[in-house]
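This is run20.txt (compact mmCIF, C-alpha atoms).
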```txt
# COMPACT_ATOMS: atom_id res chain seq x y z
CA MET O 1 51.60 78.07 127.83
CA THR O 2 52.91 80.06 130.74
CA ALA O 3 53.06 83.20 128.61
CA PHE O 4 49.50 82.60 127.43
CA ASP O 5 48.27 82.16 130.99
CA THR O 6 49.96 85.40 132.06
CA ALA O 7 48.36 87.30 129.19
CA GLU O 8 44.97 85.84 130.07
CA ARG O 9 45.42 86.88 133.67
CA ARG O 10 46.48 90.39 132.66
CA ARG O 11 43.46 90.79 130.42
CA ALA O 12 41.18 89.53 133.15
CA THR O 13 42.44 92.12 135.62
CA ASP O 14 43.12 95.02 133.25
CA ALA O 15 39.88 94.77 131.32
CA ARG O 16 37.76 96.12 134.13
CA PRO O 17 39.22 98.37 136.80
CA VAL O 18 37.60 98.57 140.23
CA ILE O 19 36.61 102.01 141.44
CA THR O 20 39.25 102.17 144.19
CA GLU O 21 41.90 102.19 141.45
CA LEU O 22 40.26 105.24 139.89
CA ILE O 23 39.05 107.51 142.69
CA ASP O 24 39.60 107.96 146.42
CA GLU O 25 37.47 109.11 149.33
CA ALA O 26 39.07 112.57 149.45
CA THR O 27 38.11 113.26 145.82
CA ILE O 28 34.50 112.18 146.42
CA GLN O 29 34.35 114.35 149.54
CA SER O 30 35.69 117.36 147.62
CA ILE O 31 33.17 116.80 144.80
CA ALA O 32 30.32 116.49 147.32
CA GLU O 33 31.39 119.71 149.09
CA GLN O 34 31.38 121.64 145.80
CA ALA O 35 27.93 120.28 144.94
CA TRP O 36 26.57 121.22 148.37
CA ILE O 37 27.96 124.76 148.18
CA SER O 38 26.48 125.27 144.71
CA LEU O 39 23.11 123.61 145.21
CA VAL O 40 22.30 123.53 148.91
CA GLY O 41 23.92 126.78 150.06
CA GLU O 42 27.24 128.55 150.42
CA GLU O 43 27.32 128.10 154.18
CA GLU O 44 26.48 124.41 154.09
CA VAL O 45 29.08 122.09 155.56
CA LEU O 46 29.62 118.36 155.13
CA VAL O 47 31.40 116.74 158.06
CA PRO O 48 33.26 113.50 157.28
CA LEU O 49 31.95 111.46 160.21
CA PRO O 50 30.20 108.12 159.97
CA ALA O 51 26.82 107.77 161.66
CA GLU O 52 24.12 105.17 161.44
CA LEU O 53 21.49 105.83 158.79
CA PRO O 54 17.90 105.74 160.02
CA ALA O 55 15.60 102.87 159.10
CA ASP O 56 13.60 104.92 156.60
CA VAL O 57 16.13 105.87 153.93
CA LEU O 58 15.90 107.18 150.40
CA SER O 59 18.56 106.96 147.71
CA SER O 60 19.20 108.93 144.55
CA TRP O 61 21.69 107.81 141.94
CA VAL O 62 23.01 108.07 138.42
CA ASP O 63 24.56 105.23 136.45
CA VAL O 64 27.91 105.56 134.74
CA VAL O 65 28.58 103.22 131.81
CA GLY O 66 32.08 103.05 130.37
CA PRO O 67 35.48 101.56 131.16
CA TRP O 68 34.13 101.48 134.73
CA THR O 69 30.42 100.76 135.01
CA GLY O 70 28.42 101.41 138.13
CA SER O 71 26.36 103.90 140.07
CA VAL O 72 26.95 106.98 142.17
CA VAL O 73 24.46 106.59 145.01
CA LEU O 74 23.47 109.13 147.67
CA THR O 75 21.59 107.67 150.62
CA THR O 76 20.09 109.52 153.54
CA GLY O 77 17.04 109.45 155.78
CA ARG O 78 13.81 110.27 153.98
CA ARG O 79 13.32 113.36 156.16
CA THR O 80 16.85 114.53 155.41
CA ALA O 81 16.18 114.05 151.68
CA GLU O 82 13.14 116.29 152.12
CA GLU O 83 15.22 118.88 153.99
CA LEU O 84 17.80 118.82 151.22
CA SER O 85 15.05 119.32 148.64
CA ARG O 86 13.68 122.23 150.64
CA ALA O 87 17.16 123.77 150.78
CA LEU O 88 17.47 123.51 146.98
CA LEU O 89 14.04 125.00 146.40
CA ARG O 90 14.57 127.80 148.96
CA ASP O 91 11.85 130.45 148.65
CA SER O 92 9.87 128.43 146.13
CA ALA O 93 9.54 125.42 148.45
CA PRO O 94 5.86 124.73 149.13
CA PRO O 95 4.71 124.25 152.77
CA VAL O 96 4.22 120.56 152.04
CA LEU O 97 6.66 119.04 149.58
CA ASP O 98 5.33 116.80 146.83
CA GLU O 99 7.03 113.48 146.20
CA GLU O 100 7.82 114.91 142.76
CA ASP O 101 9.78 117.80 144.31
CA VAL O 102 11.91 115.39 146.36
CA VAL O 103 12.53 113.13 143.35
CA ASP O 104 13.54 116.16 141.29
CA ALA O 105 15.77 117.88 143.87
CA PHE O 106 17.38 114.84 145.49
CA GLY O 107 17.90 113.31 142.03
CA GLU O 108 19.59 116.49 140.82
CA ILE O 109 22.15 116.33 143.65
CA ALA O 110 23.04 112.78 142.51
CA ASN O 111 23.23 114.06 138.93
CA VAL O 112 25.69 116.82 139.83
CA VAL O 113 27.84 114.63 142.12
CA GLY O 114 27.74 111.76 139.59
CA GLY O 115 28.62 114.04 136.68
CA SER O 116 31.67 115.35 138.52
CA ILE O 117 32.75 111.83 139.47
CA LYS O 118 32.29 110.69 135.87
CA ALA O 119 34.54 113.54 134.70
CA THR O 120 37.40 112.17 136.85
CA LEU O 121 37.18 108.67 135.36
CA PRO O 122 39.38 107.69 132.41
CA GLY O 123 38.02 107.18 128.90
CA HIS O 124 34.55 107.78 127.54
CA SER O 125 31.59 107.11 129.82
CA ALA O 126 27.88 107.79 129.52
CA LEU O 127 25.80 109.22 132.36
CA SER O 128 22.18 108.22 132.94
CA LEU O 129 19.35 110.43 134.07
CA PRO O 130 18.96 110.34 137.87
CA SER O 131 16.75 107.82 139.69
CA VAL O 132 15.31 108.03 143.19
CA GLY O 133 14.14 105.11 145.33
CA ALA O 134 15.71 102.08 146.98
CA SER O 135 19.46 101.95 146.44
CA PRO O 136 20.87 99.61 143.78
CA GLU O 137 22.56 96.59 145.37
CA VAL O 138 26.31 96.39 145.83
CA ARG O 139 27.39 93.74 143.31
CA ASN O 140 31.05 93.50 144.17
CA ALA O 141 32.24 94.57 147.63
CA SER O 142 35.76 95.30 146.33
CA ASP O 143 34.36 97.67 143.67
CA VAL O 144 32.99 100.27 146.10
CA CYS O 145 34.32 103.60 147.32
CA ARG O 146 32.05 105.04 149.98
CA ILE O 147 32.14 108.10 152.19
CA ASP O 148 29.93 108.82 155.18
CA LEU O 149 29.12 112.43 155.98
CA LEU O 150 26.99 114.51 158.31
CA TRP O 151 24.86 117.34 156.93
CA ARG O 152 23.17 119.43 159.61
CA GLY O 153 23.93 116.53 161.96
CA GLU O 154 22.18 113.95 159.78
CA PRO O 155 24.00 111.08 158.05
CA VAL O 156 24.45 111.11 154.28
CA ALA O 157 26.32 108.27 152.52
CA ILE O 158 27.81 108.57 149.04
CA SER O 159 28.69 105.23 147.48
CA VAL O 160 30.43 104.88 144.14
CA GLN O 161 29.73 101.24 143.43
CA GLY O 162 30.33 98.88 140.54
CA ALA O 163 27.30 97.40 138.81
CA LEU O 164 29.06 94.26 137.63
CA PRO O 165 29.83 91.11 139.62
CA ALA O 166 33.42 90.34 140.53
CA LEU O 167 35.45 88.78 137.75
CA PRO O 168 36.27 85.12 138.27
CA SER O 169 39.65 84.60 139.85
CA SER O 170 40.63 81.75 137.52
CA PRO O 171 42.29 82.92 134.30
CA ASP O 172 41.50 79.58 132.62
CA PRO O 173 38.29 79.89 130.57
CA HIS O 174 37.94 76.08 130.53
CA HIS O 175 37.81 75.94 134.31
CA PRO O 176 36.08 79.09 135.46
CA ALA O 177 36.09 79.71 139.19
CA ASP O 178 32.54 80.92 139.05
CA PRO O 179 30.07 78.43 137.60
CA ASP O 180 27.70 81.30 136.73
CA ARG O 181 30.30 83.04 134.63
CA SER O 182 28.64 82.14 131.35
CA THR O 183 25.43 83.85 132.46
CA TYR O 184 27.02 87.27 132.66
CA GLU O 185 29.67 87.04 129.97
CA ASN O 186 27.22 88.31 127.41
CA GLU O 187 25.21 90.55 129.63
CA VAL O 188 25.86 93.85 131.31
CA PRO O 189 23.43 93.89 134.22
CA LEU O 190 22.81 97.40 135.49
CA MET H 191 16.83 140.27 126.61
CA LYS H 192 14.99 136.95 126.54
CA ILE H 193 16.76 133.88 127.96
CA LEU H 194 15.48 130.34 127.46
CA ILE H 195 16.47 127.88 130.21
CA ALA H 196 16.15 124.20 129.29
CA ASP H 197 16.47 121.54 131.99
CA ASP H 198 14.30 118.55 132.80
CA SER H 199 14.72 119.37 136.49
CA ARG H 200 12.38 122.15 137.61
CA VAL H 201 14.57 122.64 140.68
CA MET H 202 17.65 123.10 138.50
CA ARG H 203 15.84 125.62 136.29
CA GLN H 204 15.07 127.61 139.42
CA ILE H 205 18.68 127.36 140.60
CA VAL H 206 19.88 128.61 137.19
CA ILE H 207 17.44 131.55 137.35
CA ARG H 208 18.54 132.31 140.94
CA THR H 209 22.21 132.15 139.94
CA LEU H 210 21.59 134.49 136.99
CA ARG H 211 20.11 137.00 139.44
CA GLN H 212 23.01 136.55 141.87
CA ALA H 213 25.42 137.17 138.97
CA GLY H 214 23.63 140.46 138.32
CA TYR H 215 21.56 139.40 135.30
CA ASP H 216 18.23 140.10 136.93
CA ASP H 217 16.40 142.22 134.41
CA HIS H 218 15.64 139.69 131.69
CA ASP H 219 12.66 137.74 130.45
CA ILE H 220 12.97 134.05 131.29
CA VAL H 221 11.37 131.25 129.29
CA GLU H 222 11.58 127.70 130.64
CA ALA H 223 11.72 124.43 128.67
CA GLU H 224 11.56 120.97 130.21
CA ASP H 225 13.56 119.02 127.64
CA GLY H 226 15.40 119.45 124.34
CA ARG H 227 12.30 119.09 122.20
CA ASP H 228 10.44 121.71 124.23
CA ALA H 229 13.49 123.98 123.93
CA TYR H 230 13.63 123.48 120.17
CA GLU H 231 9.97 124.40 119.80
CA LYS H 232 10.25 127.38 122.15
CA VAL H 233 13.27 128.76 120.29
CA GLN H 234 11.09 128.85 117.15
CA ALA H 235 8.07 130.30 118.95
CA GLU H 236 9.65 132.65 121.50
CA LYS H 237 12.77 133.79 119.61
CA PRO H 238 15.03 134.01 122.70
CA ASP H 239 18.31 135.93 122.58
CA LEU H 240 20.16 133.19 124.45
CA VAL H 241 19.63 129.51 125.32
CA LEU H 242 21.08 127.99 128.50
CA SER H 243 20.58 124.25 128.22
CA ASP H 244 21.20 121.09 130.20
CA TRP H 245 22.83 118.22 128.28
CA ASN H 246 21.13 115.02 129.51
CA MET H 247 17.38 115.34 129.11
CA PRO H 248 14.64 112.92 128.07
CA ASN H 249 13.01 113.12 124.60
CA MET H 250 15.78 115.24 123.09
CA THR H 251 19.18 115.95 124.66
CA GLY H 252 20.69 119.42 124.73
CA ILE H 253 23.27 118.59 122.05
CA GLU H 254 20.56 117.12 119.80
CA CYS H 255 18.55 120.30 120.31
CA LEU H 256 21.54 122.47 119.36
CA GLU H 257 22.26 120.35 116.28
CA ALA H 258 18.59 120.47 115.23
CA LEU H 259 18.51 124.25 115.68
CA ARG H 260 21.65 124.75 113.59
CA SER H 261 20.28 122.38 110.89
CA ALA H 262 17.10 124.45 110.81
CA GLY H 263 19.15 127.61 110.28
CA SER H 264 18.85 129.04 113.80
CA THR H 265 21.88 131.00 114.98
CA VAL H 266 20.57 131.64 118.51
CA PRO H 267 23.49 131.95 120.97
CA PHE H 268 23.55 128.64 122.86
CA GLY H 269 25.43 127.59 126.00
CA PHE H 270 25.33 124.47 128.13
CA VAL H 271 24.79 124.32 131.89
CA THR H 272 25.42 120.68 132.60
CA SER H 273 26.89 118.07 134.91
CA GLU H 274 28.78 116.80 131.83
CA GLY H 275 31.92 118.87 132.35
CA SER H 276 34.59 116.61 130.83
CA GLU H 277 36.96 117.86 128.12
CA GLU H 278 35.33 115.44 125.69
CA MET H 279 31.91 117.02 126.26
CA ARG H 280 33.36 120.53 126.00
CA GLY H 281 34.84 119.58 122.64
CA LYS H 282 31.55 118.13 121.42
CA ALA H 283 29.68 121.25 122.57
CA ALA H 284 32.10 123.59 120.82
CA ASP H 285 32.01 121.50 117.61
CA ALA H 286 28.22 121.73 117.56
CA GLY H 287 28.39 125.51 117.88
CA ALA H 288 27.92 126.14 121.61
CA LEU H 289 29.42 129.37 122.93
CA PHE H 290 30.37 127.92 126.32
CA LEU H 291 29.81 125.07 128.74
CA ILE H 292 29.19 125.81 132.41
CA ALA H 293 29.72 122.65 134.46
CA LYS H 294 27.51 121.88 137.44
CA PRO H 295 28.21 122.55 140.24
CA PHE H 296 28.57 126.25 139.41
CA THR H 297 28.69 129.52 141.30
CA SER H 298 27.51 133.01 140.36
CA GLU H 299 31.17 133.79 139.57
CA THR H 300 31.20 130.97 136.99
CA PHE H 301 28.12 132.51 135.40
CA THR H 302 29.72 135.97 135.26
CA GLU H 303 32.87 134.50 133.74
CA HIS H 304 30.98 132.86 130.88
CA LEU H 305 28.10 135.27 130.36
CA ASP H 306 29.91 138.58 130.52
CA GLY H 307 29.75 139.88 126.97
CA VAL H 308 27.06 137.34 126.00
CA ILE H 309 24.27 138.93 128.02
CA ALA H 310 23.90 142.61 127.30
```

Written as structure tokens, that's how I'd like the structure from this file.
Amino acid sequence: MTAFDTAERRRATDARPVITELIDEATIQSIAEQAWISLVGEEEVLVPLPAELPADVLSSWVDVVGPWTGSVVLTTGRRTAEELSRALLRDSAPPVLDEEDVVDAFGEIANVVGGSIKATLPGHSALSLPSVGASPEVRNASDVCRIDLLWRGEPVAISVQGALPALPSSPDPHHPADPDRSTYENEVPL
Amino acid sequence: MKILIADDSRVMRQIVIRTLRQAGYDDHDIVEAEDGRDAYEKVQAEKPDLVLSDWNMPNMTGIECLEALRSAGSTVPFGFVTSEGSEEMRGKAADAGALFLIAKPFTSETFTEHLDGVIA
């Protein structure tokens, strides 16, 4: 029985890695810097300093589905998202940006950052098309790797966050620690 | 030379066009397509000399577009410009007949590296 319990426990922990086992802040920072240089401009700098995000924020993200499942989420003030979009559009930026331009440009930054992060993860994963709006919720606080940056003095957060709830701590399927376990055993909420 | 650029992001199509210019390829006709299906149709209609395509697009992905083109007998030179830069994706692209895969984020140097010899 002891051997069985150990195997159960191993499966429970090995089956789904958390993101901090797969990537670190320095890698995310490096990926973000490369994306900024390519998309925003060669002289653009990201400073790794935390600062409080404004009340009116906008997020863009892509979902990664594979051995690790979650989202790569960029969050910044709405005005900063517009400035980023303007930087991407450069000469073709209209005097007044359409919502569509911001969704396109800000979403594309998440796509590029998310694609690079996906490439560092083990095994086969699928990448979604980008979304822009209110950030997906953090489902499991221990499955998050987040960096806080300043771009042109404005805060930008990049959160690589799991989309699945924490696994129950009990290895015994007859006495699950989480009474809701059965509700997500057959579902992959994303 | 006529180059077809397929990407569902208008901003990214502009960045690709800008990067082509920065890499010195500034004297070519550009045709834009907003997804794989649009690209497939425009390859038939516009007869480009080269396709630069994103991978993940609605309606038809870039790899589906390439496979459909090859099935239809098109031999148009085809390369990916995509955020899907893993070895697995590079293998899939090569197997389907792509000449190269430029991973986003890219620089004008990356473009030169892959396009030298492809663009006359």

Give me, as JSON lines, the closest atom pair and its distance (Å, one decimal) for every residue of chain O within a cut-off of 9 Å of chain H, counting only C-alpha atoms, rows sorted by chain and rising number.
```
{"residue": "O:Ile31", "atom": "CA", "partner": "H:Pro295", "partner_atom": "CA", "distance": 8.9}
{"residue": "O:Gln34", "atom": "CA", "partner": "H:Pro295", "partner_atom": "CA", "distance": 6.5}
{"residue": "O:Ala35", "atom": "CA", "partner": "H:Pro295", "partner_atom": "CA", "distance": 5.2}
{"residue": "O:Trp36", "atom": "CA", "partner": "H:Pro295", "partner_atom": "CA", "distance": 8.4}
{"residue": "O:Ile37", "atom": "CA", "partner": "H:Pro295", "partner_atom": "CA", "distance": 8.2}
{"residue": "O:Ser38", "atom": "CA", "partner": "H:Pro295", "partner_atom": "CA", "distance": 5.5}
{"residue": "O:Leu39", "atom": "CA", "partner": "H:Pro295", "partner_atom": "CA", "distance": 7.2}
{"residue": "O:Ser85", "atom": "CA", "partner": "H:Val201", "partner_atom": "CA", "distance": 8.6}
{"residue": "O:Leu88", "atom": "CA", "partner": "H:Val201", "partner_atom": "CA", "distance": 7.0}
{"residue": "O:Leu89", "atom": "CA", "partner": "H:Val201", "partner_atom": "CA", "distance": 6.2}
{"residue": "O:Ser92", "atom": "CA", "partner": "H:Gln204", "partner_atom": "CA", "distance": 8.5}
{"residue": "O:Asp101", "atom": "CA", "partner": "H:Val201", "partner_atom": "CA", "distance": 7.7}
{"residue": "O:Asp104", "atom": "CA", "partner": "H:Ser199", "partner_atom": "CA", "distance": 5.9}
{"residue": "O:Ala105", "atom": "CA", "partner": "H:Val201", "partner_atom": "CA", "distance": 5.9}
{"residue": "O:Gly107", "atom": "CA", "partner": "H:Ser199", "partner_atom": "CA", "distance": 8.8}
{"residue": "O:Glu108", "atom": "CA", "partner": "H:Ser199", "partner_atom": "CA", "distance": 7.1}
{"residue": "O:Asn111", "atom": "CA", "partner": "H:Ser273", "partner_atom": "CA", "distance": 6.8}
{"residue": "O:Val112", "atom": "CA", "partner": "H:Ser273", "partner_atom": "CA", "distance": 5.2}
{"residue": "O:Val113", "atom": "CA", "partner": "H:Ser273", "partner_atom": "CA", "distance": 8.0}
{"residue": "O:Gly114", "atom": "CA", "partner": "H:Ser273", "partner_atom": "CA", "distance": 7.9}
{"residue": "O:Gly115", "atom": "CA", "partner": "H:Ser273", "partner_atom": "CA", "distance": 4.7}
{"residue": "O:Ser116", "atom": "CA", "partner": "H:Ser273", "partner_atom": "CA", "distance": 6.6}
{"residue": "O:Lys118", "atom": "CA", "partner": "H:Ser276", "partner_atom": "CA", "distance": 8.1}
{"residue": "O:Ala119", "atom": "CA", "partner": "H:Ser276", "partner_atom": "CA", "distance": 4.9}
{"residue": "O:Thr120", "atom": "CA", "partner": "H:Ser276", "partner_atom": "CA", "distance": 8.0}
{"residue": "O:His124", "atom": "CA", "partner": "H:Glu278", "partner_atom": "CA", "distance": 7.9}
{"residue": "O:Leu127", "atom": "CA", "partner": "H:Asn246", "partner_atom": "CA", "distance": 8.0}
{"residue": "O:Ser128", "atom": "CA", "partner": "H:Asn246", "partner_atom": "CA", "distance": 7.7}
{"residue": "O:Leu129", "atom": "CA", "partner": "H:Asn246", "partner_atom": "CA", "distance": 6.7}
```

CA of Val62 in chain O to CA of Ile147 in chain O, distance in Å rounded to a single decimal: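 The value is 16.5 Å.
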
Atomic separation - CA of Val266 in chain H relative to CA of Arg227 in chain H, Å: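 Straight-line distance from CA of Arg227 in chain H to CA of Val266 in chain H works out to 15.5 Å.
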
Å distance separating CA of Gly133 in chain O from CA of Gly162 in chain O, one decimal place: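 These two atoms are separated by 18.0 Å.
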
Non-local contacts of Leu149 in chain O (8 Å; all atoms listed in the file; under 2 positions in same chain excluded) as a list of chain:residue names: O:Leu46, O:Val47, O:Pro48, O:Leu49, O:Pro50, O:Ala51, O:Ile147, O:Trp151, O:Pro155, O:Val156, O:Ala157

Exercise: residues within 9 Å of coordinate (14.8, 116.6, 121.0), counting only C-alpha atoms, as a PyMOL selection string: chain H and resi 225-230+247-255+258
